[in-house]
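*Asks:* So here's data08.pdb (PDB, C-alpha atoms and all ligand atoms).
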```pdb
ATOM      1  CA  MET A 184      46.613  -2.804 -12.794
ATOM      2  CA  ALA A 185      43.182  -1.126 -12.951
ATOM      3  CA  GLU A 186      40.141  -3.365 -12.499
ATOM      4  CA  THR A 187      38.055  -4.140 -15.565
ATOM      5  CA  PRO A 188      35.117  -1.733 -15.560
ATOM      6  CA  LEU A 189      31.689  -3.218 -14.892
ATOM      7  CA  THR A 190      29.495  -3.334 -17.984
ATOM      8  CA  VAL A 191      25.693  -3.504 -18.125
ATOM      9  CA  GLN A 192      25.950  -7.108 -19.261
ATOM     10  CA  ALA A 193      28.343  -8.062 -16.456
ATOM     11  CA  PHE A 194      26.101  -6.412 -13.874
ATOM     12  CA  LEU A 195      23.118  -8.423 -15.074
ATOM     13  CA  HIS A 196      25.165 -11.620 -14.820
ATOM     14  CA  GLN A 197      26.106 -10.754 -11.248
ATOM     15  CA  ALA A 198      22.444 -10.104 -10.455
ATOM     16  CA  GLN A 199      21.484 -13.507 -11.801
ATOM     17  CA  ALA A 200      24.229 -15.168  -9.755
ATOM     18  CA  GLN A 201      22.884 -13.464  -6.614
ATOM     19  CA  GLY A 202      19.320 -14.560  -7.334
ATOM     20  CA  VAL A 203      18.025 -11.062  -8.090
ATOM     21  CA  ALA A 204      15.258 -10.896 -10.715
ATOM     22  CA  ARG A 205      16.391  -9.421 -14.029
ATOM     23  CA  LEU A 206      13.688  -6.755 -13.998
ATOM     24  CA  ASP A 207      14.696  -5.601 -10.504
ATOM     25  CA  ALA A 208      18.364  -5.554 -11.532
ATOM     26  CA  MET A 209      17.578  -3.441 -14.598
ATOM     27  CA  LEU A 210      15.497  -0.978 -12.592
ATOM     28  CA  LEU A 211      18.294  -0.573 -10.025
ATOM     29  CA  LEU A 212      20.949  -0.235 -12.707
ATOM     30  CA  GLY A 213      18.806   2.253 -14.625
ATOM     31  CA  GLU A 214      18.532   4.331 -11.466
ATOM     32  CA  ALA A 215      22.294   4.145 -10.858
ATOM     33  CA  VAL A 216      23.180   5.293 -14.393
ATOM     34  CA  GLN A 217      20.065   7.488 -14.819
ATOM     35  CA  GLN A 218      18.984   5.723 -17.993
ATOM     36  CA  SER A 219      15.880   3.866 -19.147
ATOM     37  CA  ARG A 220      15.593   0.105 -19.483
ATOM     38  CA  THR A 221      15.442   0.564 -23.262
ATOM     39  CA  TRP A 222      18.751   2.404 -23.121
ATOM     40  CA  LEU A 223      20.327  -0.364 -21.024
ATOM     41  CA  ILE A 224      19.203  -3.016 -23.510
ATOM     42  CA  ALA A 225      20.736  -1.044 -26.360
ATOM     43  CA  HIS A 226      23.994  -0.399 -24.455
ATOM     44  CA  SER A 227      24.913  -3.757 -22.910
ATOM     45  CA  GLU A 228      28.646  -2.943 -23.337
ATOM     46  CA  TYR A 229      28.399   0.403 -21.518
ATOM     47  CA  ALA A 230      31.097   0.578 -18.829
ATOM     48  CA  LEU A 231      29.857   2.048 -15.555
ATOM     49  CA  THR A 232      31.839   4.852 -13.888
ATOM     50  CA  PRO A 233      33.316   3.978 -10.464
ATOM     51  CA  ILE A 234      30.536   5.925  -8.709
ATOM     52  CA  GLU A 235      27.809   4.206 -10.754
ATOM     53  CA  THR A 236      29.434   0.845 -10.053
ATOM     54  CA  GLN A 237      29.523   1.493  -6.320
ATOM     55  CA  GLN A 238      25.875   2.572  -6.231
ATOM     56  CA  ALA A 239      24.619  -0.254  -8.451
ATOM     57  CA  MET A 240      26.538  -2.950  -6.552
ATOM     58  CA  HIS A 241      25.360  -1.606  -3.181
ATOM     59  CA  TRP A 242      21.724  -1.750  -4.331
ATOM     60  CA  LEU A 243      22.195  -5.179  -5.839
ATOM     61  CA  HIS A 244      23.571  -6.469  -2.549
ATOM     62  CA  GLN A 245      20.673  -4.918  -0.609
ATOM     63  CA  ARG A 246      18.137  -6.383  -3.023
ATOM     64  CA  ALA A 247      19.761  -9.820  -2.693
ATOM     65  CA  LEU A 248      19.274  -9.475   1.084
ATOM     66  CA  GLY A 249      15.545  -8.963   0.480
ATOM     67  CA  VAL A 250      15.225  -5.194   0.844
ATOM     68  CA  PRO A 251      12.111  -4.222  -1.145
ATOM     69  CA  LEU A 252      12.867  -2.643  -4.526
ATOM     70  CA  ALA A 253      10.611   0.283  -3.581
ATOM     71  CA  TYR A 254      12.864   1.202  -0.634
ATOM     72  CA  LEU A 255      15.974   1.150  -2.828
ATOM     73  CA  LEU A 256      14.402   3.210  -5.591
ATOM     74  CA  GLY A 257      12.554   5.340  -3.025
ATOM     75  CA  ARG A 258       9.327   5.079  -4.960
ATOM     76  CA  ARG A 259       6.491   2.752  -5.940
ATOM     77  CA  GLU A 260       3.689   3.146  -8.449
ATOM     78  CA  PHE A 261       0.264   2.499  -6.954
ATOM     79  CA  HIS A 262      -3.031   2.814  -8.814
ATOM     80  CA  GLY A 263      -1.410   5.091 -11.378
ATOM     81  CA  LEU A 264       0.258   7.367  -8.814
ATOM     82  CA  MET A 265       4.006   7.551  -8.214
ATOM     83  CA  LEU A 266       4.500   7.449  -4.445
ATOM     84  CA  LYS A 267       7.567   8.182  -2.385
ATOM     85  CA  VAL A 268       8.229   5.149  -0.183
ATOM     86  CA  THR A 269      10.657   4.791   2.747
ATOM     87  CA  PRO A 270      11.249   2.007   5.308
ATOM     88  CA  ALA A 271       8.879   3.931   7.627
ATOM     89  CA  VAL A 272       5.940   2.633   5.583
ATOM     90  CA  LEU A 273       4.695  -0.627   4.129
ATOM     91  CA  ASP A 274       5.664  -1.093   0.492
ATOM     92  CA  PRO A 275       2.245  -0.670  -1.186
ATOM     93  CA  ARG A 276       1.164  -3.946  -2.862
ATOM     94  CA  PRO A 277      -0.601  -4.217  -6.209
ATOM     95  CA  ASP A 278      -3.111  -6.453  -4.372
ATOM     96  CA  THR A 279      -4.248  -3.426  -2.375
ATOM     97  CA  GLU A 280      -5.406  -1.776  -5.616
ATOM     98  CA  THR A 281      -8.298  -4.251  -5.317
ATOM     99  CA  LEU A 282      -9.448  -2.391  -2.205
ATOM    100  CA  VAL A 283      -9.231   0.965  -4.019
ATOM    101  CA  ASP A 284     -11.214  -0.379  -6.979
ATOM    102  CA  TRP A 285     -13.871  -1.730  -4.647
ATOM    103  CA  ALA A 286     -14.148   1.603  -2.803
ATOM    104  CA  LEU A 287     -14.616   3.362  -6.155
ATOM    105  CA  GLU A 288     -17.296   0.812  -7.029
ATOM    106  CA  VAL A 289     -19.376   1.405  -3.870
ATOM    107  CA  TRP A 290     -18.742   5.174  -4.038
ATOM    108  CA  PRO A 291     -22.092   6.221  -5.570
ATOM    109  CA  ASP A 292     -23.913   4.175  -2.949
ATOM    110  CA  ALA A 293     -21.949   5.841  -0.141
ATOM    111  CA  GLU A 294     -22.823   9.385  -1.325
ATOM    112  CA  PRO A 295     -24.708  11.247   1.442
ATOM    113  CA  THR A 296     -27.861  11.630  -0.684
ATOM    114  CA  GLY A 297     -27.671   8.078  -1.973
ATOM    115  CA  GLY A 298     -26.690   9.173  -5.468
ATOM    116  CA  PRO A 299     -23.865  11.093  -7.154
ATOM    117  CA  SER A 300     -26.197  13.529  -8.974
ATOM    118  CA  SER A 301     -26.968  15.972  -6.164
ATOM    119  CA  PRO A 302     -24.798  15.355  -3.136
ATOM    120  CA  SER A 303     -25.731  17.646  -0.257
ATOM    121  CA  ARG A 304     -22.130  17.753   0.978
ATOM    122  CA  PRO A 305     -18.831  16.218  -0.084
ATOM    123  CA  LEU A 306     -18.389  12.518   0.632
ATOM    124  CA  ARG A 307     -16.271  11.961   3.743
ATOM    125  CA  VAL A 308     -13.820   9.095   3.418
ATOM    126  CA  LEU A 309     -11.257   7.677   5.855
ATOM    127  CA  ASP A 310      -8.201   5.526   5.207
ATOM    128  CA  LEU A 311      -7.272   3.893   8.527
ATOM    129  CA  GLY A 312      -3.535   3.206   8.851
ATOM    130  CA  THR A 313      -2.642   5.048   5.678
ATOM    131  CA  GLY A 314       1.140   4.350   5.647
ATOM    132  CA  SER A 315       2.487   5.985   2.476
ATOM    133  CA  GLY A 316      -0.992   7.415   1.845
ATOM    134  CA  ALA A 317      -1.462   5.035  -1.080
ATOM    135  CA  ILE A 318      -5.168   4.223  -0.674
ATOM    136  CA  ALA A 319      -6.258   7.696   0.433
ATOM    137  CA  LEU A 320      -4.371   9.382  -2.413
ATOM    138  CA  ALA A 321      -5.749   6.998  -5.033
ATOM    139  CA  LEU A 322      -9.279   7.785  -3.825
ATOM    140  CA  LYS A 323      -8.643  11.539  -3.767
ATOM    141  CA  ALA A 324      -7.186  11.357  -7.293
ATOM    142  CA  ALA A 325     -10.346   9.675  -8.532
ATOM    143  CA  HIS A 326     -12.703  12.011  -6.636
ATOM    144  CA  PRO A 327     -11.019  15.384  -6.062
ATOM    145  CA  LEU A 328     -14.147  16.905  -4.486
ATOM    146  CA  ALA A 329     -14.370  14.289  -1.735
ATOM    147  CA  GLN A 330     -13.057  15.028   1.738
ATOM    148  CA  VAL A 331     -10.456  12.309   2.179
ATOM    149  CA  HIS A 332      -9.011  11.763   5.654
ATOM    150  CA  ALA A 333      -6.043   9.568   6.492
ATOM    151  CA  CYS A 334      -4.808   8.419   9.886
ATOM    152  CA  ASP A 335      -1.794   6.515  11.146
ATOM    153  CA  ALA A 336      -0.334   5.797  14.559
ATOM    154  CA  SER A 337       3.173   6.377  13.199
ATOM    155  CA  PRO A 338       4.246  10.035  12.855
ATOM    156  CA  ALA A 339       7.078   8.898  10.552
ATOM    157  CA  ALA A 340       4.567   7.224   8.241
ATOM    158  CA  LEU A 341       2.326  10.293   8.253
ATOM    159  CA  GLU A 342       5.286  12.410   7.194
ATOM    160  CA  VAL A 343       5.756  10.181   4.140
ATOM    161  CA  ALA A 344       2.029  10.379   3.359
ATOM    162  CA  GLN A 345       2.050  14.150   3.765
ATOM    163  CA  ASN A 346       5.003  14.488   1.390
ATOM    164  CA  ASN A 347       3.181  12.360  -1.156
ATOM    165  CA  ALA A 348      -0.002  14.426  -0.829
ATOM    166  CA  THR A 349       1.981  17.618  -1.373
ATOM    167  CA  SER A 350       4.022  16.412  -4.323
ATOM    168  CA  LEU A 351       0.971  14.909  -6.038
ATOM    169  CA  GLY A 352      -1.157  17.999  -5.345
ATOM    170  CA  LEU A 353      -3.815  15.861  -3.650
ATOM    171  CA  PRO A 354      -4.795  17.497  -0.336
ATOM    172  CA  LEU A 355      -5.834  15.098   2.428
ATOM    173  CA  THR A 356      -6.763  15.691   6.062
ATOM    174  CA  PHE A 357      -4.268  13.890   8.320
ATOM    175  CA  HIS A 358      -4.748  12.581  11.852
ATOM    176  CA  THR A 359      -2.223  10.914  14.166
ATOM    177  CA  GLY A 360      -3.447   8.058  16.337
ATOM    178  CA  HIS A 361      -4.657   4.492  16.578
ATOM    179  CA  TRP A 362      -7.564   3.595  14.299
ATOM    180  CA  TRP A 363     -10.766   5.477  15.145
ATOM    181  CA  GLY A 364      -9.077   7.093  18.163
ATOM    182  CA  ALA A 365      -7.364   9.356  15.631
ATOM    183  CA  VAL A 366     -10.635  10.810  14.334
ATOM    184  CA  HIS A 367     -12.638  11.202  17.502
ATOM    185  CA  GLY A 368     -15.952  12.984  16.940
ATOM    186  CA  LEU A 369     -15.981  12.614  13.149
ATOM    187  CA  ARG A 370     -18.283  10.413  11.051
ATOM    188  CA  PHE A 371     -17.588   9.018   7.609
ATOM    189  CA  ASP A 372     -19.557   7.780   4.605
ATOM    190  CA  LEU A 373     -16.880   5.307   3.572
ATOM    191  CA  ALA A 374     -13.903   3.848   5.433
ATOM    192  CA  VAL A 375     -11.156   1.618   4.091
ATOM    193  CA  ALA A 376      -8.208  -0.057   5.789
ATOM    194  CA  ASN A 377      -5.283  -2.304   5.014
ATOM    195  CA  PRO A 378      -4.325  -2.973   8.639
ATOM    196  CA  PRO A 379      -1.648  -5.346   9.942
ATOM    197  CA  TYR A 380      -3.068  -8.859   9.635
ATOM    198  CA  ILE A 381      -0.158 -11.279   9.631
ATOM    199  CA  ARG A 382      -0.016 -13.643  12.608
ATOM    200  CA  GLU A 383       3.091 -13.540  14.775
ATOM    201  CA  ASP A 384       4.114 -17.091  13.818
ATOM    202  CA  ASP A 385       3.436 -16.745  10.078
ATOM    203  CA  PRO A 386       6.197 -18.505   8.114
ATOM    204  CA  HIS A 387       6.234 -15.630   5.557
ATOM    205  CA  LEU A 388       7.215 -13.084   8.190
ATOM    206  CA  PRO A 389      11.007 -13.584   7.981
ATOM    207  CA  ALA A 390      10.831 -12.484   4.324
ATOM    208  CA  LEU A 391       9.239  -9.194   5.399
ATOM    209  CA  VAL A 392      11.812  -8.090   8.036
ATOM    210  CA  HIS A 393      12.685  -4.932   6.145
ATOM    211  CA  GLU A 394       9.181  -3.493   6.475
ATOM    212  CA  PRO A 395       7.774  -2.000   9.716
ATOM    213  CA  ALA A 396       6.393  -4.841  11.868
ATOM    214  CA  SER A 397       3.743  -2.426  13.181
ATOM    215  CA  ALA A 398       2.275  -2.313   9.663
ATOM    216  CA  LEU A 399       2.304  -6.099   9.209
ATOM    217  CA  VAL A 400       1.835  -8.086  12.390
ATOM    218  CA  ALA A 401      -1.235  -8.347  14.616
ATOM    219  CA  GLY A 402      -2.126 -10.476  17.628
ATOM    220  CA  GLN A 403      -5.064 -12.905  17.911
ATOM    221  CA  GLN A 404      -4.041 -14.895  14.825
ATOM    222  CA  GLY A 405      -3.550 -11.644  12.915
ATOM    223  CA  LEU A 406      -7.125 -10.518  13.591
ATOM    224  CA  ALA A 407      -6.636  -8.130  16.543
ATOM    225  CA  ASP A 408      -6.519  -4.896  14.545
ATOM    226  CA  LEU A 409      -9.242  -5.960  12.109
ATOM    227  CA  TRP A 410     -11.486  -6.651  15.127
ATOM    228  CA  SER A 411     -10.646  -3.305  16.787
ATOM    229  CA  ILE A 412     -11.518  -1.476  13.582
ATOM    230  CA  ILE A 413     -14.777  -3.364  13.011
ATOM    231  CA  GLU A 414     -16.033  -3.155  16.616
ATOM    232  CA  ALA A 415     -15.708   0.615  16.883
ATOM    233  CA  ALA A 416     -16.728   1.347  13.279
ATOM    234  CA  PRO A 417     -20.495   1.873  13.740
ATOM    235  CA  SER A 418     -19.991   4.824  16.104
ATOM    236  CA  HIS A 419     -17.796   6.572  13.517
ATOM    237  CA  LEU A 420     -19.807   5.870  10.371
ATOM    238  CA  GLU A 421     -22.988   7.424   8.955
ATOM    239  CA  ALA A 422     -26.052   5.289   8.294
ATOM    240  CA  GLY A 423     -25.559   3.496   4.985
ATOM    241  CA  ALA A 424     -21.759   3.912   5.121
ATOM    242  CA  TRP A 425     -19.410   1.228   3.797
ATOM    243  CA  LEU A 426     -16.436  -0.309   5.589
ATOM    244  CA  LEU A 427     -14.016  -2.188   3.310
ATOM    245  CA  LEU A 428     -11.067  -4.145   4.710
ATOM    246  CA  GLU A 429      -8.045  -5.945   3.350
ATOM    247  CA  HIS A 430      -7.080  -9.093   5.283
ATOM    248  CA  GLY A 431      -5.130 -12.350   5.122
ATOM    249  CA  HIS A 432      -6.028 -15.049   2.591
ATOM    250  CA  ASP A 433      -7.689 -17.209   5.278
ATOM    251  CA  GLN A 434      -9.407 -14.475   7.313
ATOM    252  CA  ALA A 435     -12.446 -13.708   5.118
ATOM    253  CA  SER A 436     -14.998 -15.650   7.171
ATOM    254  CA  ALA A 437     -13.700 -14.321  10.531
ATOM    255  CA  VAL A 438     -13.880 -10.754   9.192
ATOM    256  CA  ALA A 439     -17.352 -11.319   7.715
ATOM    257  CA  GLN A 440     -18.578 -12.709  11.034
ATOM    258  CA  ALA A 441     -17.187  -9.724  12.969
ATOM    259  CA  LEU A 442     -18.885  -7.344  10.517
ATOM    260  CA  VAL A 443     -22.241  -9.087  10.972
ATOM    261  CA  GLU A 444     -21.861  -8.992  14.758
ATOM    262  CA  ALA A 445     -21.157  -5.239  14.569
ATOM    263  CA  GLY A 446     -24.399  -4.712  12.611
ATOM    264  CA  PHE A 447     -23.122  -4.506   9.030
ATOM    265  CA  VAL A 448     -25.226  -5.801   6.138
ATOM    266  CA  ASP A 449     -24.585  -6.593   2.462
ATOM    267  CA  ILE A 450     -21.327  -8.368   3.381
ATOM    268  CA  ALA A 451     -19.236  -9.017   0.267
ATOM    269  CA  HIS A 452     -15.722 -10.082  -0.708
ATOM    270  CA  ARG A 453     -13.134  -9.258  -3.346
ATOM    271  CA  HIS A 454     -10.249 -11.371  -4.629
ATOM    272  CA  ASP A 455      -6.628 -10.276  -5.011
ATOM    273  CA  LEU A 456      -4.465 -10.781  -8.105
ATOM    274  CA  SER A 457      -3.613 -14.358  -7.064
ATOM    275  CA  GLY A 458      -7.276 -15.237  -6.590
ATOM    276  CA  HIS A 459      -7.260 -15.188  -2.758
ATOM    277  CA  THR A 460     -10.254 -13.675  -0.965
ATOM    278  CA  ARG A 461      -8.320 -10.605   0.155
ATOM    279  CA  CYS A 462     -10.986  -8.014   1.012
ATOM    280  CA  THR A 463     -14.229  -8.169   2.952
ATOM    281  CA  GLY A 464     -16.655  -5.360   3.639
ATOM    282  CA  GLY A 465     -20.196  -4.359   4.365
ATOM    283  CA  ARG A 466     -22.369  -1.341   4.970
ATOM    284  CA  LEU A 467     -24.443  -0.093   7.839
ATOM    285  CA  PRO A 468     -28.201  -0.169   7.318
ATOM    286  CA  ARG A 469     -29.726   3.152   6.164
TER     287      ARG A 469
HETATM  288  N1  LIG B 501      -0.300  -8.046   2.031
HETATM  289  C1  LIG B 501       0.887  -7.955   2.809
HETATM  290  C2  LIG B 501       1.667  -9.245   2.736
HETATM  291  O1  LIG B 501       1.097 -10.298   2.891
HETATM  292  C3  LIG B 501       0.590  -7.650   4.252
HETATM  293  C4  LIG B 501      -0.013  -6.324   4.430
HETATM  294  C5  LIG B 501      -0.656  -6.183   5.758
HETATM  295  O2  LIG B 501      -0.361  -6.866   6.741
HETATM  296  N2  LIG B 501      -1.554  -5.317   5.809
HETATM  297  O3  LIG B 501       2.844  -9.217   2.490
END
```
Would you mind giving the structure from this file in structure tokens?
*Replies:*
Amino acid sequence: MAETPLTVQAFLHQAQAQGVARLDAMLLLGEAVQQSRTWLIAHSEYALTPIETQQAMHWLHQRALGVPLAYLLGRREFHGLMLKVTPAVLDPRPDTETLVDWALEVWPDAEPTGGPSSPSRPLRVLDLGTGSGAIALALKAAHPLAQVHACDASPAALEVAQNNATSLGLPLTFHTGHWWGAVHGLRFDLAVANPPYIREDDPHLPALVHEPASALVAGQQGLADLWSIIEAAPSHLEAGAWLLLEHGHDQASAVAQALVEAGFVDIAHRHDLSGHTRCTGGRLPR
């Protein structure tokens, strides 16, 4: 006897039983049957074809195991841009949009002439550890005339970023290498980074096993990469340039202190969507 075909409604029940959020389940199912969420709501009795069933159930199983939705769908929206995302890169977080917004806020102050009205040359920006290219592309989208550079130590990540730049029509300058070592000899007016900052013994780490550890975990209580970036920053930034960093919820004062020690002034913070102090930055004196 043939098995009863899986309906939309039955799939959503299965998702609930496996602890998968309804929204995630609908997005995966929509992808499997190539229909919108609205369509799924209106067609709860639709019977999936065997191929659709196989695809949807595979994704559901993966999601239940904790694989990020973005990896299963192969995409993630970030600051209004649709990015291609693979397991080679960190799944861009909405919290990181805070860093983008802050960079756009300090932008006029970072302009080479000190004002946006008559810049003598395009603003030079760097996204350190770009991953999918999320931050760099969001900045380039907002300021197409700026010269936006992006570096990453992972060639596989850079390939994802490059694909995103091409498909979005947002040209960036890419560099392979570790932090400032990737952009030897260049100086920037604004630099941003969402580096790895999770400590090796962080209890949240097991939930993040599907993402590249090199994008998440750092030594020295999660501060090693933040410190490397801050220490070498002054020799790669113009006078008056801003350095804005994302960090862990309890790292704001350590990051602020490192910035002060490196000679930065006007140290400030920004909060993420849950109200944690998630970003700290400063600028070099003019
Ligand atoms: N914000 C991410 C998380 O806590 C970590 C990103 C990072 O280490 N840069 O899941």
*Asks:* Using all atoms listed in the file, pick whichever of A:Ala253, A:Leu189, A:Ala422, A:Ala451 has the shortest atom-to-atom distance to Pro233 in chain A.
*Replies:*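 Checking each candidate against Pro233 in chain A, we get A:Leu189 as the closest.
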*Asks:* Return as a short mmCIF file (atom, residue, chain, number, x, y, z; two decimals) with C-alpha atoms, in the frame of the given file the set of residues that the PyMOL selection byres (((chain A and resi 403) around 12) and not hetatm) yields on the displayed structure.
*Replies:*
```
data_model
loop_
_atom_site.label_atom_id
_atom_site.label_comp_id
_atom_site.auth_asym_id
_atom_site.auth_seq_id
_atom_site.Cartn_x
_atom_site.Cartn_y
_atom_site.Cartn_z
CA PRO A 379 -1.65 -5.35 9.94
CA TYR A 380 -3.07 -8.86 9.64
CA ILE A 381 -0.16 -11.28 9.63
CA ARG A 382 -0.02 -13.64 12.61
CA GLU A 383 3.09 -13.54 14.78
CA ASP A 384 4.11 -17.09 13.82
CA VAL A 400 1.84 -8.09 12.39
CA ALA A 401 -1.24 -8.35 14.62
CA GLY A 402 -2.13 -10.48 17.63
CA GLN A 404 -4.04 -14.90 14.82
CA GLY A 405 -3.55 -11.64 12.92
CA LEU A 406 -7.12 -10.52 13.59
CA ALA A 407 -6.64 -8.13 16.54
CA ASP A 408 -6.52 -4.90 14.54
CA LEU A 409 -9.24 -5.96 12.11
CA TRP A 410 -11.49 -6.65 15.13
CA SER A 411 -10.65 -3.30 16.79
CA GLN A 434 -9.41 -14.48 7.31
CA ALA A 437 -13.70 -14.32 10.53
#
```
*Asks:* Could you give me, as a list in words, the residues within 8 Å of Ala321 in chain A, counting all atoms listed in the file and dropping anything in the same chain fewer than 4 positions from it?
*Replies:*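 The filter keeps Phe261, His262, Gly263, Leu264, Val283, Ala317 and Ala325 of chain A.
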*Asks:* Any chance you could resolve the PyMOL selection byres (((not hetatm)) within 8 of (chain B and resi 501)) against this file and give the residues as a compact mmCIF listing (two decimals) with C-alpha atoms, keeping the file's coordinate frame?
*Replies:*
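What ended up in result09.txt:
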```
# COMPACT_ATOMS: atom_id res chain seq x y z
CA LEU A 273 4.70 -0.63 4.13
CA ARG A 276 1.16 -3.95 -2.86
CA ASP A 278 -3.11 -6.45 -4.37
CA THR A 279 -4.25 -3.43 -2.38
CA ASN A 377 -5.28 -2.30 5.01
CA PRO A 378 -4.32 -2.97 8.64
CA PRO A 379 -1.65 -5.35 9.94
CA TYR A 380 -3.07 -8.86 9.64
CA ILE A 381 -0.16 -11.28 9.63
CA HIS A 387 6.23 -15.63 5.56
CA LEU A 391 9.24 -9.19 5.40
CA ALA A 398 2.28 -2.31 9.66
CA LEU A 399 2.30 -6.10 9.21
CA VAL A 400 1.84 -8.09 12.39
CA GLU A 429 -8.04 -5.94 3.35
CA HIS A 430 -7.08 -9.09 5.28
CA GLY A 431 -5.13 -12.35 5.12
```
*Asks:* Quick one: apply the PyMOL selection byres (((chain A and resi 452-468) around 8) and not hetatm) to the file and drop the selected residues here as a VMD selection string.
*Replies:* chain A and resid 277 to 279 281 to 282 285 417 420 to 433 435 438 to 439 442 446 to 451 469
*Asks:* Using only C-alpha atoms, which protein or nucleic acid residues come within 12 Å of range 337-354 of chain A? Drop anything in the same chain fewer than 6 positions from it, and give the result as a VMD selection string.
*Replies:* chain A and resid 257 to 261 263 to 275 310 to 331 360 to 362 365 394 to 398
*Asks:* Using the selection just defined, write its residues with C-alpha atoms as a compact mmCIF listing (two decimals), keeping the file's coordinate frame.
*Replies:*
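Output saved as out-v3.txt:
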```
# COMPACT_ATOMS: atom_id res chain seq x y z
CA GLY A 257 12.55 5.34 -3.02
CA ARG A 258 9.33 5.08 -4.96
CA ARG A 259 6.49 2.75 -5.94
CA GLU A 260 3.69 3.15 -8.45
CA PHE A 261 0.26 2.50 -6.95
CA GLY A 263 -1.41 5.09 -11.38
CA LEU A 264 0.26 7.37 -8.81
CA MET A 265 4.01 7.55 -8.21
CA LEU A 266 4.50 7.45 -4.44
CA LYS A 267 7.57 8.18 -2.38
CA VAL A 268 8.23 5.15 -0.18
CA THR A 269 10.66 4.79 2.75
CA PRO A 270 11.25 2.01 5.31
CA ALA A 271 8.88 3.93 7.63
CA VAL A 272 5.94 2.63 5.58
CA LEU A 273 4.70 -0.63 4.13
CA ASP A 274 5.66 -1.09 0.49
CA PRO A 275 2.24 -0.67 -1.19
CA ASP A 310 -8.20 5.53 5.21
CA LEU A 311 -7.27 3.89 8.53
CA GLY A 312 -3.54 3.21 8.85
CA THR A 313 -2.64 5.05 5.68
CA GLY A 314 1.14 4.35 5.65
CA SER A 315 2.49 5.98 2.48
CA GLY A 316 -0.99 7.42 1.84
CA ALA A 317 -1.46 5.04 -1.08
CA ILE A 318 -5.17 4.22 -0.67
CA ALA A 319 -6.26 7.70 0.43
CA LEU A 320 -4.37 9.38 -2.41
CA ALA A 321 -5.75 7.00 -5.03
CA LEU A 322 -9.28 7.78 -3.82
CA LYS A 323 -8.64 11.54 -3.77
CA ALA A 324 -7.19 11.36 -7.29
CA ALA A 325 -10.35 9.68 -8.53
CA HIS A 326 -12.70 12.01 -6.64
CA PRO A 327 -11.02 15.38 -6.06
CA LEU A 328 -14.15 16.90 -4.49
CA ALA A 329 -14.37 14.29 -1.74
CA GLN A 330 -13.06 15.03 1.74
CA VAL A 331 -10.46 12.31 2.18
CA GLY A 360 -3.45 8.06 16.34
CA HIS A 361 -4.66 4.49 16.58
CA TRP A 362 -7.56 3.60 14.30
CA ALA A 365 -7.36 9.36 15.63
CA GLU A 394 9.18 -3.49 6.48
CA PRO A 395 7.77 -2.00 9.72
CA ALA A 396 6.39 -4.84 11.87
CA SER A 397 3.74 -2.43 13.18
CA ALA A 398 2.28 -2.31 9.66
```
*Asks:* Please compute the CA of Pro305 in chain A-CA of Arg370 in chain A distance, one decimal, in Å.
*Replies:* 12.6 Å
*Asks:* CA of Ala247 in chain A to CA of Ile224 in chain A: how many Å, to one decimal?
*Replies:*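 So the answer is 21.9 Å.
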*Asks:* Between CA of Leu252 in chain A and CA of Asp207 in chain A, what is the distance in Å, rounded to a tenth?
*Replies:*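 These two atoms are separated by 6.9 Å.
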*Asks:* Excluding Leu255 in chain A and any residue of its chain fewer than 6 positions from it, enumerate the residues within 9 Å of it, using only C-alpha atoms, and give them as a PyMOL selection string.
*Replies:* chain A and resi 211+242+245-246+269
*Asks:* Please determine, counting all atoms listed in the file, which residue among A:Ala208, A:Val289, A:Ala445, A:Val250 has the shortest atom-to-atom distance to Arg220 in chain A.
*Replies:*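 When distances to Arg220 in chain A are compared using all atoms listed in the file, the smallest one comes from A:Ala208.
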*Asks:* Name the closest residue to Leu206 in chain A among the candidates A:Gln238, A:Leu231, A:Pro386, A:Leu243; distances are taken between atoms, counting all atoms listed in the file.
*Replies:* A:Leu243
*Asks:* Edge lengths and centre, in Å to one decimal, as JSON: that's what I need for the box along x, y and z that holds all listed atoms of range 222-237 of chain A plus 8 Å on each side.
*Replies:*
```
{"center_x": 26.0, "center_y": 1.1, "center_z": -16.3, "size_x": 30.6, "size_y": 25.7, "size_z": 36.0}
```
*Asks:* So, with all atoms listed in the file as the atoms that count, which of A:Ala415, A:Ala441, A:Leu306, A:Val375 lies closest to Glu280 in chain A?
*Replies:*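 Between A:Ala415, A:Ala441, A:Leu306, A:Val375, the residue approaching Glu280 in chain A most closely is A:Val375.
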*Asks:* May I have the residues within 12 Å of Ile234 in chain A as an MDAnalysis selection string, using only C-alpha atoms and disregarding those fewer than 6 positions away in the same chain?
*Replies:* chainID A and resid 188:189 215:216 240:241
*Asks:* Hey, which of A:Ser227, A:Thr356, A:Thr232, A:Thr190 ends up closest to Arg307 in chain A? Count only C-alpha atoms.
*Replies:*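 That would be A:Thr356, the residue with the smallest distance to Arg307 in chain A.
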